[in-house]
>>> print(open('structure29.cif').read())   # mmCIF, C-alpha atoms (C1' of nucleotides)
data_work
loop_
_atom_site.group_PDB
_atom_site.id
_atom_site.type_symbol
_atom_site.label_atom_id
_atom_site.label_comp_id
_atom_site.auth_asym_id
_atom_site.auth_seq_id
_atom_site.Cartn_x
_atom_site.Cartn_y
_atom_site.Cartn_z
ATOM 1 C CA MET A 1 0.000 0.000 0.000
ATOM 2 C CA THR A 2 1.439 3.343 -1.087
ATOM 3 C CA SER A 3 0.507 6.148 1.250
ATOM 4 C CA ALA A 4 -0.578 9.585 0.020
ATOM 5 C CA PRO A 5 2.282 11.618 -1.467
ATOM 6 C CA THR A 6 3.475 14.745 0.341
ATOM 7 C CA TRP A 7 5.801 17.603 -0.479
ATOM 8 C CA THR A 8 8.070 20.039 1.324
ATOM 9 C CA ILE A 9 7.763 23.799 0.980
ATOM 10 C CA ALA A 10 10.801 23.904 -1.291
ATOM 11 C CA GLN A 11 9.264 21.310 -3.587
ATOM 12 C CA VAL A 12 5.917 23.012 -4.043
ATOM 13 C CA ALA A 13 7.584 26.414 -4.418
ATOM 14 C CA GLU A 14 9.861 24.994 -7.106
ATOM 15 C CA GLU A 15 7.033 23.193 -8.856
ATOM 16 C CA PHE A 16 4.809 26.270 -9.059
ATOM 17 C CA GLY A 17 7.611 28.672 -9.815
ATOM 18 C CA VAL A 18 7.294 30.801 -6.695
ATOM 19 C CA THR A 19 9.489 31.364 -3.635
ATOM 20 C CA HIS A 20 8.960 29.686 -0.273
ATOM 21 C CA ARG A 21 8.340 33.172 1.092
ATOM 22 C CA THR A 22 5.377 33.498 -1.252
ATOM 23 C CA VAL A 23 3.980 30.144 -0.167
ATOM 24 C CA ARG A 24 4.232 31.087 3.495
ATOM 25 C CA HIS A 25 2.665 34.446 2.751
ATOM 26 C CA TYR A 26 -0.366 32.680 1.328
ATOM 27 C CA GLU A 27 -0.520 30.618 4.480
ATOM 28 C CA ASP A 28 -0.365 33.774 6.606
ATOM 29 C CA LEU A 29 -3.404 35.049 4.741
ATOM 30 C CA GLY A 30 -5.201 31.748 5.258
ATOM 31 C CA LEU A 31 -5.230 30.653 1.619
ATOM 32 C CA ILE A 32 -3.555 27.336 2.395
ATOM 33 C CA SER A 33 -3.034 25.465 5.661
ATOM 34 C CA PRO A 34 -0.528 22.640 5.273
ATOM 35 C CA GLU A 35 -0.164 19.898 7.857
ATOM 36 C CA ARG A 36 2.507 20.344 10.520
ATOM 37 C CA ARG A 37 4.840 17.522 11.460
ATOM 38 C CA GLY A 38 6.483 19.097 14.486
ATOM 39 C CA THR A 39 7.571 22.444 13.164
ATOM 40 C CA GLN A 40 7.838 21.420 9.505
ATOM 41 C CA ARG A 41 5.168 22.073 6.912
ATOM 42 C CA ILE A 42 3.863 19.076 4.971
ATOM 43 C CA TYR A 43 1.973 19.779 1.745
ATOM 44 C CA HIS A 44 -0.669 17.408 0.386
ATOM 45 C CA ARG A 45 -2.434 17.245 -2.952
ATOM 46 C CA ARG A 46 -5.188 19.460 -1.585
ATOM 47 C CA ASP A 47 -2.659 22.220 -0.883
ATOM 48 C CA ARG A 48 -1.285 21.969 -4.390
ATOM 49 C CA THR A 49 -4.762 22.208 -5.859
ATOM 50 C CA ARG A 50 -5.405 25.364 -3.872
ATOM 51 C CA LEU A 51 -2.026 26.798 -4.825
ATOM 52 C CA GLY A 52 -2.890 26.254 -8.463
ATOM 53 C CA LEU A 53 -6.170 28.093 -8.020
ATOM 54 C CA ILE A 54 -4.409 30.916 -6.197
ATOM 55 C CA LEU A 55 -1.874 31.433 -8.961
ATOM 56 C CA ARG A 56 -4.497 31.352 -11.674
ATOM 57 C CA GLY A 57 -6.486 33.890 -9.702
ATOM 58 C CA LYS A 58 -3.375 36.042 -9.542
ATOM 59 C CA ARG A 59 -2.790 35.782 -13.272
ATOM 60 C CA LEU A 60 -6.341 37.058 -13.639
ATOM 61 C CA GLY A 61 -5.532 40.001 -11.379
ATOM 62 C CA PHE A 62 -7.677 39.105 -8.377
ATOM 63 C CA PRO A 63 -6.455 40.300 -4.978
ATOM 64 C CA LEU A 64 -5.432 37.533 -2.608
ATOM 65 C CA GLU A 65 -8.217 38.271 -0.138
ATOM 66 C CA GLU A 66 -10.805 37.822 -2.862
ATOM 67 C CA ILE A 67 -9.080 34.668 -4.037
ATOM 68 C CA ARG A 68 -9.381 33.321 -0.521
ATOM 69 C CA THR A 69 -13.125 33.840 -0.385
ATOM 70 C CA ILE A 70 -13.485 32.180 -3.769
ATOM 71 C CA ILE A 71 -11.504 29.025 -3.084
ATOM 72 C CA ASP A 72 -13.000 28.810 0.393
ATOM 73 C CA LEU A 73 -16.323 28.737 -1.375
ATOM 74 C CA PHE A 74 -15.305 25.535 -3.140
ATOM 75 C CA ASP A 75 -14.480 23.871 0.173
ATOM 76 C CA ALA A 76 -17.423 25.327 2.085
ATOM 77 C CA PRO A 77 -19.903 22.947 3.734
ATOM 78 C CA ARG A 78 -23.007 22.805 1.586
ATOM 79 C CA GLY A 79 -25.322 20.904 3.902
ATOM 80 C CA ARG A 80 -28.153 23.258 4.671
ATOM 81 C CA ARG A 81 -30.429 24.736 2.045
ATOM 82 C CA THR A 82 -29.678 28.323 3.128
ATOM 83 C CA GLN A 83 -25.973 27.631 2.758
ATOM 84 C CA LEU A 84 -26.427 26.167 -0.707
ATOM 85 C CA GLU A 85 -28.497 29.115 -1.810
ATOM 86 C CA TYR A 86 -25.880 31.494 -0.477
ATOM 87 C CA VAL A 87 -23.179 29.639 -2.386
ATOM 88 C CA LEU A 88 -25.236 29.743 -5.587
ATOM 89 C CA GLY A 89 -25.633 33.493 -5.146
ATOM 90 C CA GLN A 90 -21.888 33.894 -4.736
ATOM 91 C CA ILE A 91 -21.360 31.835 -7.866
ATOM 92 C CA ASP A 92 -23.533 34.239 -9.840
ATOM 93 C CA GLU A 93 -21.551 37.213 -8.598
ATOM 94 C CA ARG A 94 -18.259 35.569 -9.508
ATOM 95 C CA ARG A 95 -19.546 34.633 -12.930
ATOM 96 C CA ALA A 96 -20.597 38.221 -13.632
ATOM 97 C CA ASP A 97 -17.082 39.353 -12.777
ATOM 98 C CA LEU A 98 -15.468 36.672 -14.903
ATOM 99 C CA ASP A 99 -17.784 37.447 -17.825
ATOM 100 C CA GLN A 100 -16.707 41.090 -17.707
ATOM 101 C CA ARG A 101 -13.073 40.033 -17.768
ATOM 102 C CA LEU A 102 -13.756 37.661 -20.621
ATOM 103 C CA ARG A 103 -15.234 40.509 -22.659
ATOM 104 C CA ASP A 104 -12.296 42.754 -21.777
ATOM 105 C CA ILE A 105 -9.839 40.102 -22.895
ATOM 106 C CA GLN A 106 -11.673 39.365 -26.120
ATOM 107 C CA ASP A 107 -11.901 43.075 -26.928
ATOM 108 C CA ALA A 108 -8.218 43.534 -26.225
ATOM 109 C CA ILE A 109 -7.274 40.591 -28.430
ATOM 110 C CA ALA A 110 -9.517 41.862 -31.216
ATOM 111 C CA GLU A 111 -8.002 45.342 -31.050
ATOM 112 C CA LEU A 112 -4.533 43.884 -31.049
ATOM 113 C CA GLY A 113 -5.386 41.898 -34.163
ATOM 114 C CA GLU A 114 -6.743 44.981 -35.890
ATOM 115 C CA PHE A 115 -3.621 46.907 -34.932
ATOM 116 C CA GLU A 116 -1.407 44.156 -36.285
ATOM 117 C CA ARG A 117 -3.331 44.212 -39.572
ATOM 118 C CA ARG A 118 -2.675 47.946 -39.947
ATOM 119 C CA CYS A 119 0.994 47.465 -39.125
ATOM 120 C CA ARG A 120 1.335 44.769 -41.759
ATOM 121 C CA GLU A 121 -0.357 47.043 -44.272
ATOM 122 C CA ASP A 122 2.175 49.762 -43.529
ATOM 123 C CA LEU A 123 4.954 47.221 -43.853
ATOM 124 C CA ASP A 124 3.661 46.079 -47.255
ATOM 125 C CA LYS A 125 3.635 49.658 -48.514
ATOM 126 C CA LEU A 126 7.309 49.912 -47.652
ATOM 127 C CA ALA A 127 8.146 46.796 -49.642
ATOM 128 C CA MET B 128 -18.131 74.963 -37.284
ATOM 129 C CA THR B 129 -18.144 73.218 -33.915
ATOM 130 C CA SER B 130 -14.689 72.918 -32.398
ATOM 131 C CA ALA B 131 -13.413 69.718 -30.820
ATOM 132 C CA PRO B 132 -15.038 68.934 -27.476
ATOM 133 C CA THR B 133 -12.924 69.066 -24.305
ATOM 134 C CA TRP B 134 -13.393 68.009 -20.700
ATOM 135 C CA THR B 135 -12.194 69.036 -17.268
ATOM 136 C CA ILE B 136 -10.516 66.637 -14.872
ATOM 137 C CA ALA B 137 -13.678 66.403 -12.779
ATOM 138 C CA GLN B 138 -15.717 65.468 -15.854
ATOM 139 C CA VAL B 139 -13.458 62.670 -17.058
ATOM 140 C CA ALA B 140 -13.029 61.368 -13.517
ATOM 141 C CA GLU B 141 -16.794 61.300 -13.061
ATOM 142 C CA GLU B 142 -17.380 59.734 -16.449
ATOM 143 C CA PHE B 143 -14.910 56.905 -15.888
ATOM 144 C CA GLY B 144 -15.809 56.396 -12.267
ATOM 145 C CA VAL B 145 -12.417 57.264 -10.792
ATOM 146 C CA THR B 146 -11.137 60.136 -8.645
ATOM 147 C CA HIS B 147 -9.245 63.157 -9.942
ATOM 148 C CA ARG B 148 -6.329 61.910 -7.877
ATOM 149 C CA THR B 149 -6.293 58.719 -9.916
ATOM 150 C CA VAL B 150 -6.350 60.653 -13.180
ATOM 151 C CA ARG B 151 -3.436 62.812 -12.070
ATOM 152 C CA HIS B 152 -1.573 59.743 -10.913
ATOM 153 C CA TYR B 153 -1.831 58.288 -14.403
ATOM 154 C CA GLU B 154 -0.469 61.549 -15.740
ATOM 155 C CA ASP B 155 2.452 61.390 -13.276
ATOM 156 C CA LEU B 156 3.305 57.967 -14.682
ATOM 157 C CA GLY B 157 3.054 59.297 -18.225
ATOM 158 C CA LEU B 158 -0.015 57.329 -19.255
ATOM 159 C CA ILE B 159 -1.886 60.456 -20.328
ATOM 160 C CA SER B 160 -0.705 63.975 -21.051
ATOM 161 C CA PRO B 161 -3.603 66.419 -21.293
ATOM 162 C CA GLU B 162 -3.245 69.850 -22.785
ATOM 163 C CA ARG B 163 -2.550 72.714 -20.406
ATOM 164 C CA ARG B 164 -4.437 75.985 -20.638
ATOM 165 C CA GLY B 165 -2.414 78.008 -18.172
ATOM 166 C CA THR B 166 -2.288 75.750 -15.160
ATOM 167 C CA GLN B 167 -5.529 73.902 -15.895
ATOM 168 C CA ARG B 168 -5.700 70.517 -17.553
ATOM 169 C CA ILE B 169 -7.809 70.162 -20.685
ATOM 170 C CA TYR B 170 -8.775 66.649 -21.746
ATOM 171 C CA HIS B 171 -9.457 65.743 -25.357
ATOM 172 C CA ARG B 172 -10.970 62.653 -26.952
ATOM 173 C CA ARG B 173 -7.522 61.152 -27.260
ATOM 174 C CA ASP B 174 -7.066 61.324 -23.480
ATOM 175 C CA ARG B 175 -10.403 59.634 -22.900
ATOM 176 C CA THR B 176 -9.499 56.864 -25.303
ATOM 177 C CA ARG B 177 -6.283 56.257 -23.421
ATOM 178 C CA LEU B 178 -8.058 56.405 -20.079
ATOM 179 C CA GLY B 179 -10.455 53.740 -21.314
ATOM 180 C CA LEU B 180 -7.534 51.535 -22.339
ATOM 181 C CA ILE B 181 -5.852 52.111 -18.992
ATOM 182 C CA LEU B 182 -8.911 51.081 -16.994
ATOM 183 C CA ARG B 183 -9.498 48.004 -19.107
ATOM 184 C CA GLY B 184 -5.854 47.076 -18.602
ATOM 185 C CA LYS B 185 -6.377 47.486 -14.893
ATOM 186 C CA ARG B 186 -9.465 45.280 -14.897
ATOM 187 C CA LEU B 187 -7.265 42.691 -16.564
ATOM 188 C CA GLY B 188 -4.708 43.058 -13.775
ATOM 189 C CA PHE B 189 -1.857 44.635 -15.730
ATOM 190 C CA PRO B 190 0.477 46.941 -13.783
ATOM 191 C CA LEU B 191 0.327 50.584 -14.841
ATOM 192 C CA GLU B 192 3.892 50.611 -16.138
ATOM 193 C CA GLU B 193 3.106 47.743 -18.472
ATOM 194 C CA ILE B 194 -0.112 49.421 -19.547
ATOM 195 C CA ARG B 195 1.920 52.478 -20.457
ATOM 196 C CA THR B 196 4.243 50.538 -22.736
ATOM 197 C CA ILE B 197 1.247 48.907 -24.387
ATOM 198 C CA ILE B 198 -0.784 52.015 -25.152
ATOM 199 C CA ASP B 199 2.362 53.881 -26.117
ATOM 200 C CA LEU B 200 2.820 51.131 -28.666
ATOM 201 C CA PHE B 201 -0.479 52.090 -30.279
ATOM 202 C CA ASP B 202 0.662 55.690 -30.644
ATOM 203 C CA ALA B 203 4.247 54.889 -31.589
ATOM 204 C CA PRO B 204 5.592 56.174 -34.894
ATOM 205 C CA ARG B 205 5.644 53.308 -37.365
ATOM 206 C CA GLY B 206 7.597 54.905 -40.158
ATOM 207 C CA ARG B 207 10.743 52.861 -40.457
ATOM 208 C CA ARG B 208 10.772 49.159 -41.242
ATOM 209 C CA THR B 209 12.807 48.302 -38.149
ATOM 210 C CA GLN B 210 10.282 50.140 -36.007
ATOM 211 C CA LEU B 211 7.376 48.289 -37.603
ATOM 212 C CA GLU B 212 9.074 44.957 -37.092
ATOM 213 C CA TYR B 213 9.735 45.818 -33.471
ATOM 214 C CA VAL B 214 6.093 46.736 -32.982
ATOM 215 C CA LEU B 215 4.962 43.488 -34.600
ATOM 216 C CA GLY B 216 7.208 41.576 -32.226
ATOM 217 C CA GLN B 217 5.738 43.378 -29.256
ATOM 218 C CA ILE B 218 2.274 42.555 -30.530
ATOM 219 C CA ASP B 219 3.131 38.865 -30.547
ATOM 220 C CA GLU B 220 4.359 39.022 -26.950
ATOM 221 C CA ARG B 221 1.215 40.815 -25.833
ATOM 222 C CA ARG B 222 -0.966 38.335 -27.650
ATOM 223 C CA ALA B 223 0.732 35.390 -25.960
ATOM 224 C CA ASP B 224 0.017 36.985 -22.599
ATOM 225 C CA LEU B 225 -3.599 37.709 -23.479
ATOM 226 C CA ASP B 226 -4.104 34.192 -24.815
ATOM 227 C CA GLN B 227 -2.900 32.765 -21.503
ATOM 228 C CA ARG B 228 -5.342 34.973 -19.655
ATOM 229 C CA LEU B 229 -8.126 33.972 -22.014
ATOM 230 C CA ARG B 230 -7.479 30.311 -21.244
ATOM 231 C CA ASP B 231 -7.356 31.041 -17.508
ATOM 232 C CA ILE B 232 -10.678 32.865 -17.680
ATOM 233 C CA GLN B 233 -12.349 30.162 -19.717
ATOM 234 C CA ASP B 234 -11.103 27.468 -17.366
ATOM 235 C CA ALA B 235 -12.305 29.421 -14.355
ATOM 236 C CA ILE B 236 -15.750 29.942 -15.894
ATOM 237 C CA ALA B 237 -15.981 26.257 -16.776
ATOM 238 C CA GLU B 238 -15.030 25.166 -13.262
ATOM 239 C CA LEU B 239 -17.520 27.590 -11.811
ATOM 240 C CA GLY B 240 -20.227 26.104 -14.012
ATOM 241 C CA GLU B 241 -19.312 22.596 -12.939
ATOM 242 C CA PHE B 242 -19.357 23.661 -9.316
ATOM 243 C CA GLU B 243 -22.774 25.245 -9.765
ATOM 244 C CA ARG B 244 -24.078 22.030 -11.312
ATOM 245 C CA ARG B 245 -22.973 20.046 -8.262
ATOM 246 C CA CYS B 246 -24.532 22.582 -5.924
ATOM 247 C CA ARG B 247 -27.849 22.388 -7.759
ATOM 248 C CA GLU B 248 -27.688 18.607 -7.540
ATOM 249 C CA ASP B 249 -27.243 18.832 -3.781
ATOM 250 C CA LEU B 250 -30.109 21.280 -3.612
ATOM 251 C CA ASP B 251 -32.393 18.941 -5.566
ATOM 252 C CA LYS B 252 -31.619 16.099 -3.186
ATOM 253 C CA LEU B 253 -32.834 18.284 -0.325
ATOM 254 C CA ALA B 254 -36.145 18.989 -2.054
ATOM 255 C "C1'" DA C 255 31.142 16.345 17.924
ATOM 256 C "C1'" DT C 256 30.461 19.608 14.476
ATOM 257 C "C1'" DC C 257 29.304 20.953 10.032
ATOM 258 C "C1'" DC C 258 26.090 21.456 6.372
ATOM 259 C "C1'" DT C 259 21.560 21.759 4.455
ATOM 260 C "C1'" DG C 260 16.986 22.741 4.762
ATOM 261 C "C1'" DC C 261 13.338 24.512 7.385
ATOM 262 C "C1'" DT C 262 11.570 27.791 10.871
ATOM 263 C "C1'" DT C 263 10.001 32.501 12.841
ATOM 264 C "C1'" DT C 264 10.554 37.497 13.417
ATOM 265 C "C1'" DA C 265 10.798 41.689 11.527
ATOM 266 C "C1'" DC C 266 11.851 45.439 8.792
ATOM 267 C "C1'" DG C 267 12.199 46.995 3.667
ATOM 268 C "C1'" DT C 268 10.135 47.767 -1.037
ATOM 269 C "C1'" DT C 269 7.050 48.536 -4.865
ATOM 270 C "C1'" DT C 270 2.561 49.685 -6.698
ATOM 271 C "C1'" DA C 271 -1.435 52.421 -6.700
ATOM 272 C "C1'" DC C 272 -3.442 55.383 -5.120
ATOM 273 C "C1'" DG C 273 -5.844 58.218 -0.501
ATOM 274 C "C1'" DT C 274 -5.591 62.210 2.140
ATOM 275 C "C1'" DC C 275 -4.540 66.380 3.955
ATOM 276 C "C1'" DA C 276 -2.426 71.143 3.442
ATOM 277 C "C1'" DA C 277 -1.929 75.306 1.264
ATOM 278 C "C1'" DC C 278 -2.558 78.017 -2.422
ATOM 279 C "C1'" DG C 279 -4.448 79.995 -7.286
ATOM 280 C "C1'" DT C 280 -8.636 81.542 -10.092
ATOM 281 C "C1'" DC C 281 -12.733 82.861 -11.754
ATOM 282 C "C1'" DA C 282 -17.777 83.731 -11.934
ATOM 283 C "C1'" DA C 283 -21.673 84.952 -8.658
ATOM 284 C "C1'" DG C 284 -23.662 87.478 -5.084
ATOM 285 C "C1'" DC D 285 -14.757 92.292 -2.930
ATOM 286 C "C1'" DT D 286 -15.193 88.304 -0.726
ATOM 287 C "C1'" DT D 287 -17.147 83.849 -0.869
ATOM 288 C "C1'" DG D 288 -17.515 79.350 -3.005
ATOM 289 C "C1'" DA D 289 -16.618 75.876 -6.377
ATOM 290 C "C1'" DC D 290 -13.174 73.933 -8.732
ATOM 291 C "C1'" DG D 291 -8.333 73.406 -9.843
ATOM 292 C "C1'" DT D 292 -3.293 73.108 -8.744
ATOM 293 C "C1'" DT D 293 1.154 71.197 -6.575
ATOM 294 C "C1'" DG D 294 3.612 68.953 -2.970
ATOM 295 C "C1'" DA D 295 4.063 65.681 0.586
ATOM 296 C "C1'" DC D 296 3.019 62.201 3.623
ATOM 297 C "C1'" DG D 297 0.037 57.904 4.583
ATOM 298 C "C1'" DT D 298 -1.511 53.256 3.534
ATOM 299 C "C1'" DA D 299 -2.734 48.597 1.927
ATOM 300 C "C1'" DA D 300 -1.264 44.662 -0.772
ATOM 301 C "C1'" DA D 301 2.183 41.376 -1.930
ATOM 302 C "C1'" DC D 302 5.840 39.932 -1.228
ATOM 303 C "C1'" DG D 303 11.667 40.561 -0.672
ATOM 304 C "C1'" DT D 304 15.310 40.201 2.345
ATOM 305 C "C1'" DA D 305 18.205 39.661 6.061
ATOM 306 C "C1'" DA D 306 18.873 37.767 10.839
ATOM 307 C "C1'" DA D 307 18.998 34.208 13.901
ATOM 308 C "C1'" DG D 308 17.838 29.860 15.410
ATOM 309 C "C1'" DC D 309 16.370 24.571 15.318
ATOM 310 C "C1'" DA D 310 16.947 19.700 13.513
ATOM 311 C "C1'" DG D 311 18.534 15.803 11.337
ATOM 312 C "C1'" DG D 312 21.982 13.444 8.415
ATOM 313 C "C1'" DA D 313 27.056 13.260 6.710
ATOM 314 C "C1'" DT D 314 31.899 13.480 7.830
#
>>> encode(input="structure29.cif", output="structure tokens")
Amino acid sequence: MTSAPTWTIAQVAEEFGVTHRTVRHYEDLGLISPERRGTQRIYHRRDRTRLGLILRGKRLGFPLEEIRTIIDLFDAPRGRRTQLEYVLGQIDERRADLDQRLRDIQDAIAELGEFERRCREDLDKLA
Amino acid sequence: MTSAPTWTIAQVAEEFGVTHRTVRHYEDLGLISPERRGTQRIYHRRDRTRLGLILRGKRLGFPLEEIRTIIDLFDAPRGRRTQLEYVLGQIDERRADLDQRLRDIQDAIAELGEFERRCREDLDKLA
DNA sequence: ATCCTGCTTTACGTTTACGTCAACGTCAAG
DNA sequence: CTTGACGTTGACGTAAACGTAAAGCAGGAT
């Protein structure tokens, strides 16, 4: 029987391309909470999943505090009806935000394409 | 003949939903450079266009310095061939970045949808 | 036994993106 | 002519997201 794999802070930092300081900073803010074996931090798959979500959130420009509320949402207990309805409401809010960003990105890409077309035109005229 | 419309700092700030301090901050960083009539700032359509680009860049999480290099690119002189080729290279870099963000956004939206589906399932079971 | 390597906490430093006074100019209205 | 409303330039404050020593513990190699 192979037990569940674990990682050290150096390993996860290396794997995700961040510093150990960054990883601990996320822990300070409550975004991850690795197991402790004595004083050492032990990272499980769950922590790596969350770290992945954090970094994607960062690439999308979300502040860490907001990222925390989002990924906490995924792990939130969804037993009672009121809780589930609250979560569904939060999902709608998040989706509205993401949809806005999607439009922004698509617009930006479209404008960039149009700009490139004009540049290539100018380049052709010089030929 | 109607002359070109202009705006005061309060008007553009109001219109774009930011403070005058923010607008001046962007000017300090060289992202916009409104005309001066005496000591007063006069904003033209060009400035509003740039302000719109700045704020979209911000929604996408770009740092202001990077936003400056991007929108400066749009206004850069494209006379010489070397300059045009440089600009086209920059466009490719920007597009790679935007494509990554597009994927991130789409993934996030998809995961959110999947999460919502599971929540609705749980809710149905409670009915 | 001690030396090295990796991990730990504590704490101050830095950059970005503004907020927030303070103190003054200016111009039309009362 | 003075009172607002709006504009201006500093200059300092602040929150977020780490960077960067400093100093110490802990377990294996020599």
>>> interface_residues(input="structure29.cif", of="chain C", to="chain B", cutoff="9 Å", atoms="only C-alpha atoms (C1' of nucleotides)", output="list in words")
DT270, DA271, DC272 and DG273 of chain C
>>> residues_around(input="structure29.cif", residues="Asp97 (chain A)", least_positions_apart="5", cutoff="12 Å", atoms="all atoms listed in the file", output="MDAnalysis selection string")
(chainID A and resid 60:62 66 90:92 102:104) or (chainID B and resid 186:187 232 235:236 239)
>>> closest_residue(input="structure29.cif", among="A:Glu35, A:Glu15, A:Leu53, A:Arg24", to="DC302 (chain D)", atoms="only C-alpha atoms (C1' of nucleotides)")
A:Arg24
>>> residues_around(input="structure29.cif", residues="DC278 (chain C)", least_positions_apart="4", cutoff="12 Å", atoms="only C-alpha atoms (C1' of nucleotides)", output="PyMOL selection string")
chain D and resi 291-294
>>> interface_residues(input="structure29.cif", of="chain D", to="chain A", cutoff="10 Å", atoms="only C-alpha atoms (C1' of nucleotides)", output="compact mmCIF listing (two decimals) with C-alpha atoms (C1' of nucleotides), in the coordinates of the input")
# COMPACT_ATOMS: atom_id res chain seq x y z
C1' DA D 300 -1.26 44.66 -0.77
C1' DA D 301 2.18 41.38 -1.93
C1' DC D 302 5.84 39.93 -1.23
C1' DG D 303 11.67 40.56 -0.67
C1' DT D 304 15.31 40.20 2.35
C1' DC D 309 16.37 24.57 15.32
C1' DA D 310 16.95 19.70 13.51
>>> resolve_selection(input="structure29.cif", expression="the PyMOL selection byres ((chain B and resi 195) around 12)", output="compact mmCIF listing (two decimals) with C-alpha atoms, in the coordinates of the input")
# COMPACT_ATOMS: atom_id res chain seq x y z
CA TYR B 153 -1.83 58.29 -14.40
CA GLU B 154 -0.47 61.55 -15.74
CA ASP B 155 2.45 61.39 -13.28
CA LEU B 156 3.30 57.97 -14.68
CA GLY B 157 3.05 59.30 -18.23
CA LEU B 158 -0.02 57.33 -19.26
CA ILE B 159 -1.89 60.46 -20.33
CA SER B 160 -0.70 63.98 -21.05
CA ARG B 177 -6.28 56.26 -23.42
CA LEU B 178 -8.06 56.40 -20.08
CA LEU B 180 -7.53 51.54 -22.34
CA ILE B 181 -5.85 52.11 -18.99
CA LEU B 182 -8.91 51.08 -16.99
CA GLY B 184 -5.85 47.08 -18.60
CA LYS B 185 -6.38 47.49 -14.89
CA PHE B 189 -1.86 44.64 -15.73
CA PRO B 190 0.48 46.94 -13.78
CA LEU B 191 0.33 50.58 -14.84
CA GLU B 192 3.89 50.61 -16.14
CA GLU B 193 3.11 47.74 -18.47
CA ILE B 194 -0.11 49.42 -19.55
CA THR B 196 4.24 50.54 -22.74
CA ILE B 197 1.25 48.91 -24.39
CA ILE B 198 -0.78 52.02 -25.15
CA ASP B 199 2.36 53.88 -26.12
CA LEU B 200 2.82 51.13 -28.67
CA PHE B 201 -0.48 52.09 -30.28
CA ASP B 202 0.66 55.69 -30.64
CA ALA B 203 4.25 54.89 -31.59
>>> residues_around(input="structure29.cif", residues="Arg245 (chain B)", least_positions_apart="6", cutoff="12 Å", atoms="only C-alpha atoms (C1' of nucleotides)", output="VMD selection string")
(chain A and resid 74 78 84 87 to 88 91) or (chain B and resid 238 to 239 251 to 252)
>>> atom_distance(input="structure29.cif", atom1="CA of Glu141 (chain B)", atom2="CA of Ala110 (chain A)")
27.6 Å
